[in-house]
Structures are given as C-alpha cells and as structure tokens.
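Peer 1: The structure follows.
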Amino acid sequence: QVQLVESGGGLVQAGGSLRLSCAASGRTIATSTMAWFRQAPGKGREFVAAISWSGGTTSYADSVLGRFNISRDNAKNTVYLQMNSLKPEDTAVYYCAAKSSLYAINYVRTTAWYGYWGQGTQVTVSS
C-alpha cells in the first residue's frame with residue numbers, strides 16, 4: 001500500500017507560481033509511474049502531467065505545457081509539480097496519483113489506470 005499526501009496549494013494571483021509536493025509513504029515509489037490530475041468545481045478529474053520512474057519521460061496536458069513542470073526525487077519518495085504563469089482556469093483541487101507499473105504512454109492520462117490517490121490540495125488563482 002502507498003499513501004500519498006499532497007501539499008503546497010493555496011491562493012495566488014494570476015501570473016504567479018506555486019510548487020506542489022506529493023509525499024509517499026508505505027513503500028517506495030521509485031518504480032512507480034506518478035502523475036498529477038486536477039478537478040475544478042462541477043467538472044471531471046483531468047490529467048495534468050505524468051512522469052516515469054526514472055524521470056526520463058514526462059507528459060503534459062496541452063493546457064499546461066510550457067507552464068508546468070513535473071519532477072521527482074526518489075530518494076525522498078516525493079513528486080513535485082512546479083506551476084508557473086498560473087491562470088484563473090488553473091483553479092482546481094490537484095491530486096497526486098501512483099501506478100506500480102512502468103510508464104505506459106497509452107494509459108498515463110487515464111484516471112482508471114492509477115491505483116493510488118492522494119486527498120488533494122486546493123489551488124485557487126485569482127484574476
């Protein structure tokens with residue numbers, strides 16, 4: 001079992017930055033594919049970014065490409081999401097997800113593929 005805890009959310013003005021962290025416990029995530037998803041009020045959960053176990057492969061939603069960066073520190077059992085140039089439409093609850101599998105390009109954007117989820121952290125971007 002893996003427990004995931006997100007942190008780093010908050011209120012920020014448009015154009016600002018935030019760095020989210022996802023700390024894992026229970027067992028190592030060093031061999032897991034990790035991802036961030038988000039869910040805005042009244043909407044479904046959508047893919048934001050994913051990263052392979054080594055960090056060598058990443059994928060981003062078109063809406064955040066060039067503004068967000070996903071990274072990981074396996075020694076710290078932690079995954080990060082650096083969010084820059086934030087927009088009001090980035091407002092959502094951000095969730096960390098883990099899959100005990102190698103990176104699968106056809107599945108990483110799919111919520112059902114992931115076996116472990118955190119409780120989420122709220123990000124609010126004011127205009």
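Residues are referred to by chain and number: the chain letter is A, B, ... according to the order shown in the structure tokens, the number counts from 1 in that chain, and ligands are numbered separately from 1 in the order shown.
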Would you list the contacts of Ser127 in chain A as a list in words, taking every protein, DNA or RNA residue within 8 Å and counting only C-alpha atoms, but skipping same-chain residues closer than 3 positions in sequence?

Peer 2: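 So, after excluding close chain neighbours, the residues are Gln13, Ala14, Lys87 and Pro88 of chain A.
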
Peer 1: As a list of chain:residue names, please: every residue in chain A that DSSP puts in helix (DSSP H, G or I).

Peer 2: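 The helix (DSSP H, G or I) subset of chain A is A:Pro88, A:Glu89, A:Asp90, A:Thr111, A:Ala112, A:Trp113.
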
Peer 1: Would you save the residues from that selection as a PDB file, in the first residue's frame, using N, CA, C and O atoms?

Peer 2:
ATOM      1  N   PRO A  88      -6.477  31.875 -13.949  1.00  0.00           N
ATOM      2  CA  PRO A  88      -7.681  31.549 -13.167  1.00  0.00           C
ATOM      3  C   PRO A  88      -8.258  30.176 -13.527  1.00  0.00           C
ATOM      4  O   PRO A  88      -8.797  29.487 -12.642  1.00  0.00           O
ATOM      5  N   GLU A  89      -8.126  29.768 -14.776  1.00  0.00           N
ATOM      6  CA  GLU A  89      -8.657  28.464 -15.185  1.00  0.00           C
ATOM      7  C   GLU A  89      -7.850  27.291 -14.645  1.00  0.00           C
ATOM      8  O   GLU A  89      -8.244  26.136 -14.806  1.00  0.00           O
ATOM      9  N   ASP A  90      -6.727  27.565 -13.979  1.00  0.00           N
ATOM     10  CA  ASP A  90      -5.978  26.502 -13.297  1.00  0.00           C
ATOM     11  C   ASP A  90      -6.550  26.207 -11.916  1.00  0.00           C
ATOM     12  O   ASP A  90      -6.103  25.260 -11.248  1.00  0.00           O
ATOM     13  N   THR A 111      -7.497   8.245 -15.588  1.00  0.00           N
ATOM     14  CA  THR A 111      -7.633   8.153 -14.134  1.00  0.00           C
ATOM     15  C   THR A 111      -7.765   6.701 -13.677  1.00  0.00           C
ATOM     16  O   THR A 111      -7.203   6.332 -12.647  1.00  0.00           O
ATOM     17  N   ALA A 112      -8.459   5.868 -14.430  1.00  0.00           N
ATOM     18  CA  ALA A 112      -8.711   4.499 -14.006  1.00  0.00           C
ATOM     19  C   ALA A 112      -7.446   3.653 -13.939  1.00  0.00           C
ATOM     20  O   ALA A 112      -7.438   2.596 -13.308  1.00  0.00           O
ATOM     21  N   TRP A 113      -6.388   4.093 -14.597  1.00  0.00           N
ATOM     22  CA  TRP A 113      -5.142   3.306 -14.638  1.00  0.00           C
ATOM     23  C   TRP A 113      -4.407   3.336 -13.310  1.00  0.00           C
ATOM     24  O   TRP A 113      -3.662   2.422 -12.983  1.00  0.00           O
TER      25      TRP A 113
END

Peer 1: Taking 3 positions as the minimum chain separation for residues in the same chain, which residues sit within 9 Å of Ala61 in chain A when counting only C-alpha atoms? Answer as a list in words.

Peer 2: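 That gives Glu46, Phe47, Val48, Ala49, Val64, Leu65 and Arg109 of chain A.
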
Peer 1: Leaving out Val123 in chain A and any residue of its chain fewer than 5 positions from it, which residues lie within 8 Å of it when counting only C-alpha atoms, given as a PyMOL selection string?

Peer 2: chain A and resi 9-12+90-94

Peer 1: Near range 28-37 of chain A, within 7 Å and counting only C-alpha atoms, which residues show up once chain neighbours fewer than 6 positions away are dropped, as number ranges by chain?

Peer 2: A: 45-53, 74, 77, 94-103

Peer 1: Taking the DSSP assignment computed from this structure's backbone, write out as a PDB file with N, CA and C atoms, in the first residue's frame all residues of chain A that belong to strand (DSSP E).

Peer 2:
ATOM      1  N   GLN A   3       0.577   5.438   0.558  1.00  0.00           N
ATOM      2  CA  GLN A   3      -0.214   6.596   0.960  1.00  0.00           C
ATOM      3  C   GLN A   3       0.427   7.836   0.337  1.00  0.00           C
ATOM      4  N   LEU A   4      -0.410   8.680  -0.237  1.00  0.00           N
ATOM      5  CA  LEU A   4       0.063   9.893  -0.909  1.00  0.00           C
ATOM      6  C   LEU A   4      -0.541  11.109  -0.230  1.00  0.00           C
ATOM      7  N   VAL A   5       0.310  12.088   0.063  1.00  0.00           N
ATOM      8  CA  VAL A   5      -0.157  13.310   0.709  1.00  0.00           C
ATOM      9  C   VAL A   5       0.355  14.512  -0.077  1.00  0.00           C
ATOM     10  N   GLU A   6      -0.584  15.286  -0.605  1.00  0.00           N
ATOM     11  CA  GLU A   6      -0.229  16.492  -1.352  1.00  0.00           C
ATOM     12  C   GLU A   6      -0.119  17.699  -0.423  1.00  0.00           C
ATOM     13  N   SER A   7       0.714  18.637  -0.808  1.00  0.00           N
ATOM     14  CA  SER A   7       0.847  19.891  -0.076  1.00  0.00           C
ATOM     15  C   SER A   7       1.307  20.970  -1.042  1.00  0.00           C
ATOM     16  N   GLY A  10      -2.708  26.649  -2.461  1.00  0.00           N
ATOM     17  CA  GLY A  10      -3.032  27.919  -1.825  1.00  0.00           C
ATOM     18  C   GLY A  10      -3.657  28.880  -2.796  1.00  0.00           C
ATOM     19  N   LEU A  11      -3.706  30.139  -2.372  1.00  0.00           N
ATOM     20  CA  LEU A  11      -4.272  31.216  -3.182  1.00  0.00           C
ATOM     21  C   LEU A  11      -3.137  32.036  -3.781  1.00  0.00           C
ATOM     22  N   VAL A  12      -3.205  32.268  -5.083  1.00  0.00           N
ATOM     23  CA  VAL A  12      -2.163  33.021  -5.769  1.00  0.00           C
ATOM     24  C   VAL A  12      -2.811  33.881  -6.854  1.00  0.00           C
ATOM     25  N   GLN A  13      -2.191  34.992  -7.154  1.00  0.00           N
ATOM     26  CA  GLN A  13      -2.696  35.849  -8.223  1.00  0.00           C
ATOM     27  C   GLN A  13      -2.301  35.299  -9.588  1.00  0.00           C
ATOM     28  N   LEU A  18       3.297  28.394  -7.996  1.00  0.00           N
ATOM     29  CA  LEU A  18       3.178  27.522  -6.834  1.00  0.00           C
ATOM     30  C   LEU A  18       3.936  26.232  -7.123  1.00  0.00           C
ATOM     31  N   ARG A  19       4.402  25.607  -6.060  1.00  0.00           N
ATOM     32  CA  ARG A  19       5.040  24.310  -6.188  1.00  0.00           C
ATOM     33  C   ARG A  19       4.306  23.308  -5.304  1.00  0.00           C
ATOM     34  N   LEU A  20       3.715  22.329  -5.928  1.00  0.00           N
ATOM     35  CA  LEU A  20       3.035  21.276  -5.199  1.00  0.00           C
ATOM     36  C   LEU A  20       3.985  20.124  -4.933  1.00  0.00           C
ATOM     37  N   SER A  21       3.793  19.485  -3.787  1.00  0.00           N
ATOM     38  CA  SER A  21       4.568  18.298  -3.438  1.00  0.00           C
ATOM     39  C   SER A  21       3.624  17.141  -3.155  1.00  0.00           C
ATOM     40  N   CYS A  22       4.086  15.958  -3.444  1.00  0.00           N
ATOM     41  CA  CYS A  22       3.334  14.740  -3.157  1.00  0.00           C
ATOM     42  C   CYS A  22       4.296  13.782  -2.451  1.00  0.00           C
ATOM     43  N   ALA A  23       4.084  13.618  -1.165  1.00  0.00           N
ATOM     44  CA  ALA A  23       4.954  12.749  -0.373  1.00  0.00           C
ATOM     45  C   ALA A  23       4.305  11.379  -0.234  1.00  0.00           C
ATOM     46  N   ALA A  24       5.078  10.358  -0.551  1.00  0.00           N
ATOM     47  CA  ALA A  24       4.580   8.990  -0.474  1.00  0.00           C
ATOM     48  C   ALA A  24       5.135   8.293   0.754  1.00  0.00           C
ATOM     49  N   SER A  25       4.325   7.428   1.310  1.00  0.00           N
ATOM     50  CA  SER A  25       4.767   6.599   2.439  1.00  0.00           C
ATOM     51  C   SER A  25       4.161   5.209   2.294  1.00  0.00           C
ATOM     52  N   THR A  33       5.070   4.818 -11.827  1.00  0.00           N
ATOM     53  CA  THR A  33       4.722   5.988 -12.630  1.00  0.00           C
ATOM     54  C   THR A  33       3.876   6.898 -11.751  1.00  0.00           C
ATOM     55  N   MET A  34       4.177   8.183 -11.784  1.00  0.00           N
ATOM     56  CA  MET A  34       3.481   9.149 -10.953  1.00  0.00           C
ATOM     57  C   MET A  34       2.827  10.207 -11.838  1.00  0.00           C
ATOM     58  N   ALA A  35       1.742  10.786 -11.319  1.00  0.00           N
ATOM     59  CA  ALA A  35       1.024  11.780 -12.121  1.00  0.00           C
ATOM     60  C   ALA A  35       0.301  12.778 -11.235  1.00  0.00           C
ATOM     61  N   TRP A  36      -0.059  13.872 -11.858  1.00  0.00           N
ATOM     62  CA  TRP A  36      -0.924  14.874 -11.244  1.00  0.00           C
ATOM     63  C   TRP A  36      -2.181  15.006 -12.102  1.00  0.00           C
ATOM     64  N   PHE A  37      -3.299  15.075 -11.409  1.00  0.00           N
ATOM     65  CA  PHE A  37      -4.585  15.354 -12.035  1.00  0.00           C
ATOM     66  C   PHE A  37      -5.205  16.537 -11.299  1.00  0.00           C
ATOM     67  N   ARG A  38      -6.240  17.104 -11.868  1.00  0.00           N
ATOM     68  CA  ARG A  38      -6.948  18.188 -11.190  1.00  0.00           C
ATOM     69  C   ARG A  38      -8.434  18.097 -11.471  1.00  0.00           C
ATOM     70  N   GLN A  39      -9.199  18.679 -10.552  1.00  0.00           N
ATOM     71  CA  GLN A  39     -10.650  18.684 -10.706  1.00  0.00           C
ATOM     72  C   GLN A  39     -11.198  20.030 -10.283  1.00  0.00           C
ATOM     73  N   ARG A  45     -12.381  14.901 -13.296  1.00  0.00           N
ATOM     74  CA  ARG A  45     -10.954  14.941 -12.997  1.00  0.00           C
ATOM     75  C   ARG A  45     -10.176  14.830 -14.310  1.00  0.00           C
ATOM     76  N   GLU A  46      -9.235  15.746 -14.502  1.00  0.00           N
ATOM     77  CA  GLU A  46      -8.496  15.766 -15.756  1.00  0.00           C
ATOM     78  C   GLU A  46      -6.999  15.631 -15.526  1.00  0.00           C
ATOM     79  N   PHE A  47      -6.364  15.045 -16.507  1.00  0.00           N
ATOM     80  CA  PHE A  47      -4.916  14.820 -16.482  1.00  0.00           C
ATOM     81  C   PHE A  47      -4.163  16.140 -16.561  1.00  0.00           C
ATOM     82  N   VAL A  48      -3.082  16.238 -15.782  1.00  0.00           N
ATOM     83  CA  VAL A  48      -2.217  17.411 -15.832  1.00  0.00           C
ATOM     84  C   VAL A  48      -0.822  17.027 -16.332  1.00  0.00           C
ATOM     85  N   ALA A  49      -0.197  16.064 -15.645  1.00  0.00           N
ATOM     86  CA  ALA A  49       1.170  15.675 -16.017  1.00  0.00           C
ATOM     87  C   ALA A  49       1.486  14.304 -15.443  1.00  0.00           C
ATOM     88  N   ALA A  50       2.433  13.623 -16.079  1.00  0.00           N
ATOM     89  CA  ALA A  50       2.881  12.312 -15.607  1.00  0.00           C
ATOM     90  C   ALA A  50       4.387  12.195 -15.796  1.00  0.00           C
ATOM     91  N   ILE A  51       5.000  11.306 -15.008  1.00  0.00           N
ATOM     92  CA  ILE A  51       6.443  11.132 -15.066  1.00  0.00           C
ATOM     93  C   ILE A  51       6.795   9.665 -14.834  1.00  0.00           C
ATOM     94  N   THR A  58       8.255  12.326 -19.541  1.00  0.00           N
ATOM     95  CA  THR A  58       7.162  13.105 -18.966  1.00  0.00           C
ATOM     96  C   THR A  58       6.106  13.361 -20.027  1.00  0.00           C
ATOM     97  N   SER A  59       4.917  13.689 -19.556  1.00  0.00           N
ATOM     98  CA  SER A  59       3.822  14.019 -20.445  1.00  0.00           C
ATOM     99  C   SER A  59       2.991  15.108 -19.787  1.00  0.00           C
ATOM    100  N   TYR A  60       2.462  16.014 -20.610  1.00  0.00           N
ATOM    101  CA  TYR A  60       1.690  17.132 -20.079  1.00  0.00           C
ATOM    102  C   TYR A  60       0.398  17.323 -20.876  1.00  0.00           C
ATOM    103  N   PHE A  68       3.899  24.320 -16.651  1.00  0.00           N
ATOM    104  CA  PHE A  68       4.061  23.408 -15.521  1.00  0.00           C
ATOM    105  C   PHE A  68       5.226  22.458 -15.778  1.00  0.00           C
ATOM    106  N   ASN A  69       5.842  22.010 -14.681  1.00  0.00           N
ATOM    107  CA  ASN A  69       6.925  21.041 -14.788  1.00  0.00           C
ATOM    108  C   ASN A  69       6.789  19.988 -13.686  1.00  0.00           C
ATOM    109  N   ILE A  70       6.751  18.728 -14.085  1.00  0.00           N
ATOM    110  CA  ILE A  70       6.693  17.637 -13.118  1.00  0.00           C
ATOM    111  C   ILE A  70       8.084  17.065 -12.917  1.00  0.00           C
ATOM    112  N   SER A  71       8.413  16.758 -11.674  1.00  0.00           N
ATOM    113  CA  SER A  71       9.704  16.172 -11.363  1.00  0.00           C
ATOM    114  C   SER A  71       9.555  15.241 -10.175  1.00  0.00           C
ATOM    115  N   ARG A  72      10.608  14.501  -9.873  1.00  0.00           N
ATOM    116  CA  ARG A  72      10.538  13.569  -8.746  1.00  0.00           C
ATOM    117  C   ARG A  72      11.904  13.418  -8.112  1.00  0.00           C
ATOM    118  N   ASP A  73      11.868  13.081  -6.829  1.00  0.00           N
ATOM    119  CA  ASP A  73      13.078  12.778  -6.076  1.00  0.00           C
ATOM    120  C   ASP A  73      12.819  11.436  -5.409  1.00  0.00           C
ATOM    121  N   THR A  78       9.190  11.515  -3.200  1.00  0.00           N
ATOM    122  CA  THR A  78       8.351  12.697  -3.412  1.00  0.00           C
ATOM    123  C   THR A  78       8.306  13.081  -4.883  1.00  0.00           C
ATOM    124  N   VAL A  79       7.145  13.546  -5.297  1.00  0.00           N
ATOM    125  CA  VAL A  79       6.942  14.074  -6.646  1.00  0.00           C
ATOM    126  C   VAL A  79       6.500  15.530  -6.528  1.00  0.00           C
ATOM    127  N   TYR A  80       6.916  16.325  -7.491  1.00  0.00           N
ATOM    128  CA  TYR A  80       6.629  17.752  -7.451  1.00  0.00           C
ATOM    129  C   TYR A  80       5.896  18.200  -8.716  1.00  0.00           C
ATOM    130  N   LEU A  81       5.176  19.291  -8.579  1.00  0.00           N
ATOM    131  CA  LEU A  81       4.594  19.963  -9.734  1.00  0.00           C
ATOM    132  C   LEU A  81       4.858  21.454  -9.580  1.00  0.00           C
ATOM    133  N   GLN A  82       5.777  21.956 -10.379  1.00  0.00           N
ATOM    134  CA  GLN A  82       6.063  23.384 -10.405  1.00  0.00           C
ATOM    135  C   GLN A  82       5.102  24.039 -11.380  1.00  0.00           C
ATOM    136  N   MET A  83       4.334  25.000 -10.887  1.00  0.00           N
ATOM    137  CA  MET A  83       3.319  25.651 -11.705  1.00  0.00           C
ATOM    138  C   MET A  83       3.653  27.131 -11.834  1.00  0.00           C
ATOM    139  N   ALA A  92      -8.406  24.608  -9.126  1.00  0.00           N
ATOM    140  CA  ALA A  92      -8.909  23.237  -9.010  1.00  0.00           C
ATOM    141  C   ALA A  92      -8.309  22.593  -7.762  1.00  0.00           C
ATOM    142  N   VAL A  93      -8.823  21.434  -7.436  1.00  0.00           N
ATOM    143  CA  VAL A  93      -8.157  20.576  -6.462  1.00  0.00           C
ATOM    144  C   VAL A  93      -7.190  19.697  -7.246  1.00  0.00           C
ATOM    145  N   TYR A  94      -5.950  19.685  -6.819  1.00  0.00           N
ATOM    146  CA  TYR A  94      -4.908  18.931  -7.509  1.00  0.00           C
ATOM    147  C   TYR A  94      -4.627  17.631  -6.748  1.00  0.00           C
ATOM    148  N   TYR A  95      -4.631  16.540  -7.500  1.00  0.00           N
ATOM    149  CA  TYR A  95      -4.438  15.213  -6.917  1.00  0.00           C
ATOM    150  C   TYR A  95      -3.174  14.554  -7.458  1.00  0.00           C
ATOM    151  N   CYS A  96      -2.492  13.880  -6.575  1.00  0.00           N
ATOM    152  CA  CYS A  96      -1.343  13.071  -6.934  1.00  0.00           C
ATOM    153  C   CYS A  96      -1.811  11.620  -7.108  1.00  0.00           C
ATOM    154  N   ALA A  97      -1.240  10.929  -8.079  1.00  0.00           N
ATOM    155  CA  ALA A  97      -1.627   9.542  -8.337  1.00  0.00           C
ATOM    156  C   ALA A  97      -0.398   8.693  -8.601  1.00  0.00           C
ATOM    157  N   ALA A  98      -0.483   7.411  -8.255  1.00  0.00           N
ATOM    158  CA  ALA A  98       0.635   6.491  -8.447  1.00  0.00           C
ATOM    159  C   ALA A  98       0.152   5.192  -9.071  1.00  0.00           C
ATOM    160  N   LYS A  99       1.000   4.660  -9.933  1.00  0.00           N
ATOM    161  CA  LYS A  99       0.734   3.367 -10.566  1.00  0.00           C
ATOM    162  C   LYS A  99       1.998   2.526 -10.459  1.00  0.00           C
ATOM    163  N   TYR A 116      -3.408   4.354  -6.785  1.00  0.00           N
ATOM    164  CA  TYR A 116      -3.299   5.089  -5.534  1.00  0.00           C
ATOM    165  C   TYR A 116      -3.500   6.582  -5.783  1.00  0.00           C
ATOM    166  N   TRP A 117      -4.233   7.204  -4.867  1.00  0.00           N
ATOM    167  CA  TRP A 117      -4.544   8.625  -4.979  1.00  0.00           C
ATOM    168  C   TRP A 117      -4.367   9.316  -3.642  1.00  0.00           C
ATOM    169  N   THR A 121      -5.042  18.839  -2.951  1.00  0.00           N
ATOM    170  CA  THR A 121      -4.718  20.136  -2.376  1.00  0.00           C
ATOM    171  C   THR A 121      -5.333  21.218  -3.256  1.00  0.00           C
ATOM    172  N   GLN A 122      -5.948  22.216  -2.628  1.00  0.00           N
ATOM    173  CA  GLN A 122      -6.675  23.241  -3.364  1.00  0.00           C
ATOM    174  C   GLN A 122      -5.716  24.290  -3.910  1.00  0.00           C
ATOM    175  N   VAL A 123      -5.871  24.602  -5.172  1.00  0.00           N
ATOM    176  CA  VAL A 123      -5.153  25.705  -5.812  1.00  0.00           C
ATOM    177  C   VAL A 123      -6.193  26.689  -6.332  1.00  0.00           C
ATOM    178  N   THR A 124      -6.079  27.933  -5.899  1.00  0.00           N
ATOM    179  CA  THR A 124      -7.007  28.972  -6.339  1.00  0.00           C
ATOM    180  C   THR A 124      -6.207  30.116  -6.937  1.00  0.00           C
ATOM    181  N   VAL A 125      -6.521  30.466  -8.168  1.00  0.00           N
ATOM    182  CA  VAL A 125      -5.827  31.543  -8.869  1.00  0.00           C
ATOM    183  C   VAL A 125      -6.810  32.683  -9.086  1.00  0.00           C
ATOM    184  N   SER A 126      -6.501  33.823  -8.516  1.00  0.00           N
ATOM    185  CA  SER A 126      -7.382  34.976  -8.644  1.00  0.00           C
ATOM    186  C   SER A 126      -6.968  35.841  -9.831  1.00  0.00           C
TER     187      SER A 126
END

Peer 1: Just checking: using only C-alpha atoms, which residue out of A:Gly16, A:Gln119, A:Gln1, A:Arg27 ends up closest to Lys76 in chain A?

Peer 2: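 Ranked by minimum distance to Lys76 in chain A, first place goes to A:Arg27.
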
Peer 1: Which one of A:Ala75, A:Asp62, A:Asn84, A:Val2 sits closest to Gly15 in chain A if you count only C-alpha atoms?

Peer 2: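 Of all the options, A:Asn84 lies closest to Gly15 in chain A.
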